[in-house]
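Peer 1: Please find one structure pasted underneath; my questions will follow.
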Amino acid sequence: MSLVRKILLYVQATFYIVAGVNHFWHPDMYTRMMPAYLPWPSELQLTAGGAEVLLGILLLIPATRVLAAWGLIALLIAVFPANLNLALHPELMPGVAPVTQWIRLPIQLLFLGWAYLFTRKTTTP
């Protein structure tokens with residue numbers, strides 16, 4: 001694995017682990033983002049946080065890396081409605097500029113592409 005690819009892997013894994021832990025440190029912030037039509041918002045946001053931690057760890061393990069990358073792609077798609085809900089209702093996060101919430105949406109596409117980088121096994125050590 002190239003040095004750049006390794007750096008991208010470790011940064012991505014760290015990002016998801018830290019973001020996932022943050023779901024447990026600041027659960028209200030994430031629960032507020034949940035669309036009203038979804039049941040059990042607190043449980044869903046905790047599940048998302050747990051999935052982020054688990055998938056971040058699994059991304060670091062060569063044997064589970066491809067599965068973790070696909071899991072991250074699925075997770076990013078699953079949480080998109082919460083990010084869209086936040087963009088449509090910026091009052092859910094007072095003190096955060098509404099433009100910031102809209103910028104998060106295309107950034108998710110970048111995160112999807114980033115995870116996709118690890119959906120194939122590499123043949124080089």
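Residues are named by chain letter and number: chains run A, B, ... in the order of the structure tokens, numbers start at 1 in each chain, and ligands are numbered from 1 in the order shown.
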Can you list every residue of range 63-102 of chain A that has an atom at most 8 Å from range 33-40 of chain A, with its nearest atom pair and the distance in Å to one decimal, using only C-alpha atoms, ordered by chain then number, as CSV?
Peer 2:
residue,atom,partner,partner_atom,distance
A:Pro81,CA,A:Pro35,CA,7.0
A:Ala82,CA,A:Met34,CA,4.8
A:Asn83,CA,A:Met33,CA,6.8
A:Asn85,CA,A:Pro35,CA,5.8
A:Leu86,CA,A:Met33,CA,5.4
A:Leu92,CA,A:Met33,CA,6.8
Peer 1: Could you write out the selected residues, including all heavy atoms, as a PDB file, in the first residue's frame?
Peer 2:
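Dumped to result.pdb:
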ATOM      1  N   PRO A  81     -30.441  11.466   5.205  1.00  0.00           N
ATOM      2  CA  PRO A  81     -31.682  12.181   5.565  1.00  0.00           C
ATOM      3  C   PRO A  81     -31.525  13.082   6.800  1.00  0.00           C
ATOM      4  O   PRO A  81     -32.122  14.159   6.852  1.00  0.00           O
ATOM      5  CB  PRO A  81     -32.682  11.056   5.822  1.00  0.00           C
ATOM      6  CG  PRO A  81     -32.199   9.932   4.975  1.00  0.00           C
ATOM      7  CD  PRO A  81     -30.690  10.030   5.043  1.00  0.00           C
ATOM      8  N   ALA A  82     -30.735  12.684   7.770  1.00  0.00           N
ATOM      9  CA  ALA A  82     -30.524  13.531   8.949  1.00  0.00           C
ATOM     10  C   ALA A  82     -29.748  14.793   8.578  1.00  0.00           C
ATOM     11  O   ALA A  82     -30.077  15.883   9.046  1.00  0.00           O
ATOM     12  CB  ALA A  82     -29.787  12.759  10.042  1.00  0.00           C
ATOM     13  N   ASN A  83     -28.755  14.661   7.709  1.00  0.00           N
ATOM     14  CA  ASN A  83     -27.991  15.834   7.277  1.00  0.00           C
ATOM     15  C   ASN A  83     -28.848  16.760   6.414  1.00  0.00           C
ATOM     16  O   ASN A  83     -28.762  17.980   6.534  1.00  0.00           O
ATOM     17  CB  ASN A  83     -26.729  15.406   6.534  1.00  0.00           C
ATOM     18  CG  ASN A  83     -25.701  14.835   7.482  1.00  0.00           C
ATOM     19  OD1 ASN A  83     -25.501  15.346   8.570  1.00  0.00           O
ATOM     20  ND2 ASN A  83     -25.057  13.763   7.079  1.00  0.00           N
ATOM     21  N   ASN A  85     -32.141  16.973   6.654  1.00  0.00           N
ATOM     22  CA  ASN A  85     -33.085  17.569   7.599  1.00  0.00           C
ATOM     23  C   ASN A  85     -32.454  18.765   8.305  1.00  0.00           C
ATOM     24  O   ASN A  85     -33.091  19.800   8.486  1.00  0.00           O
ATOM     25  CB  ASN A  85     -33.533  16.519   8.614  1.00  0.00           C
ATOM     26  CG  ASN A  85     -34.619  17.018   9.518  1.00  0.00           C
ATOM     27  OD1 ASN A  85     -35.678  17.446   9.065  1.00  0.00           O
ATOM     28  ND2 ASN A  85     -34.375  16.972  10.818  1.00  0.00           N
ATOM     29  N   LEU A  86     -31.204  18.633   8.681  1.00  0.00           N
ATOM     30  CA  LEU A  86     -30.502  19.731   9.345  1.00  0.00           C
ATOM     31  C   LEU A  86     -30.341  20.922   8.401  1.00  0.00           C
ATOM     32  O   LEU A  86     -30.520  22.065   8.811  1.00  0.00           O
ATOM     33  CB  LEU A  86     -29.144  19.255   9.855  1.00  0.00           C
ATOM     34  CG  LEU A  86     -28.325  20.274  10.632  1.00  0.00           C
ATOM     35  CD1 LEU A  86     -29.086  20.787  11.853  1.00  0.00           C
ATOM     36  CD2 LEU A  86     -27.006  19.656  11.046  1.00  0.00           C
ATOM     37  N   LEU A  92     -32.354  23.902  14.099  1.00  0.00           N
ATOM     38  CA  LEU A  92     -32.032  22.753  14.952  1.00  0.00           C
ATOM     39  C   LEU A  92     -30.647  22.887  15.577  1.00  0.00           C
ATOM     40  O   LEU A  92     -30.360  22.267  16.599  1.00  0.00           O
ATOM     41  CB  LEU A  92     -32.114  21.448  14.152  1.00  0.00           C
ATOM     42  CG  LEU A  92     -33.500  21.084  13.619  1.00  0.00           C
ATOM     43  CD1 LEU A  92     -33.406  19.883  12.685  1.00  0.00           C
ATOM     44  CD2 LEU A  92     -34.454  20.809  14.773  1.00  0.00           C
TER      45      LEU A  92
END
Peer 1: Any idea what the distance is between CA of Val18 in chain A and CA of Glu52 in chain A?
Peer 2: 8.4 Å
Peer 1: Excluding Leu72 in chain A and its own-chain neighbours fewer than 4 positions away, which residues fall within 9 Å of it when counting only C-alpha atoms? Please give them as a list in words.
Peer 2: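 Once the adjacent positions are removed, what remains is Tyr16, Ala51, Glu52, Leu55, Gly56, Leu67, Ala68, Leu76, Ile77, Phe111, Leu112, Ala115 and Tyr116 of chain A.
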Peer 1: With C-alpha atoms retained, export the selected residues as a CSV table (one decimal), in the first residue's frame.
Peer 2:
chain,number,residue,atom,x,y,z
A,16,TYR,CA,-15.0,7.7,12.0
A,51,ALA,CA,-21.5,1.8,13.6
A,52,GLU,CA,-19.0,4.6,13.0
A,55,LEU,CA,-16.5,0.4,11.0
A,56,GLY,CA,-13.6,2.8,11.7
A,67,LEU,CA,-16.5,-5.0,4.3
A,68,ALA,CA,-15.9,-1.9,6.4
A,76,LEU,CA,-23.3,7.5,4.8
A,77,ILE,CA,-26.3,6.9,2.6
A,111,PHE,CA,-16.7,10.8,2.0
A,112,LEU,CA,-18.5,8.3,-0.2
A,115,ALA,CA,-14.7,5.1,1.5
A,116,TYR,CA,-14.9,3.6,-2.0
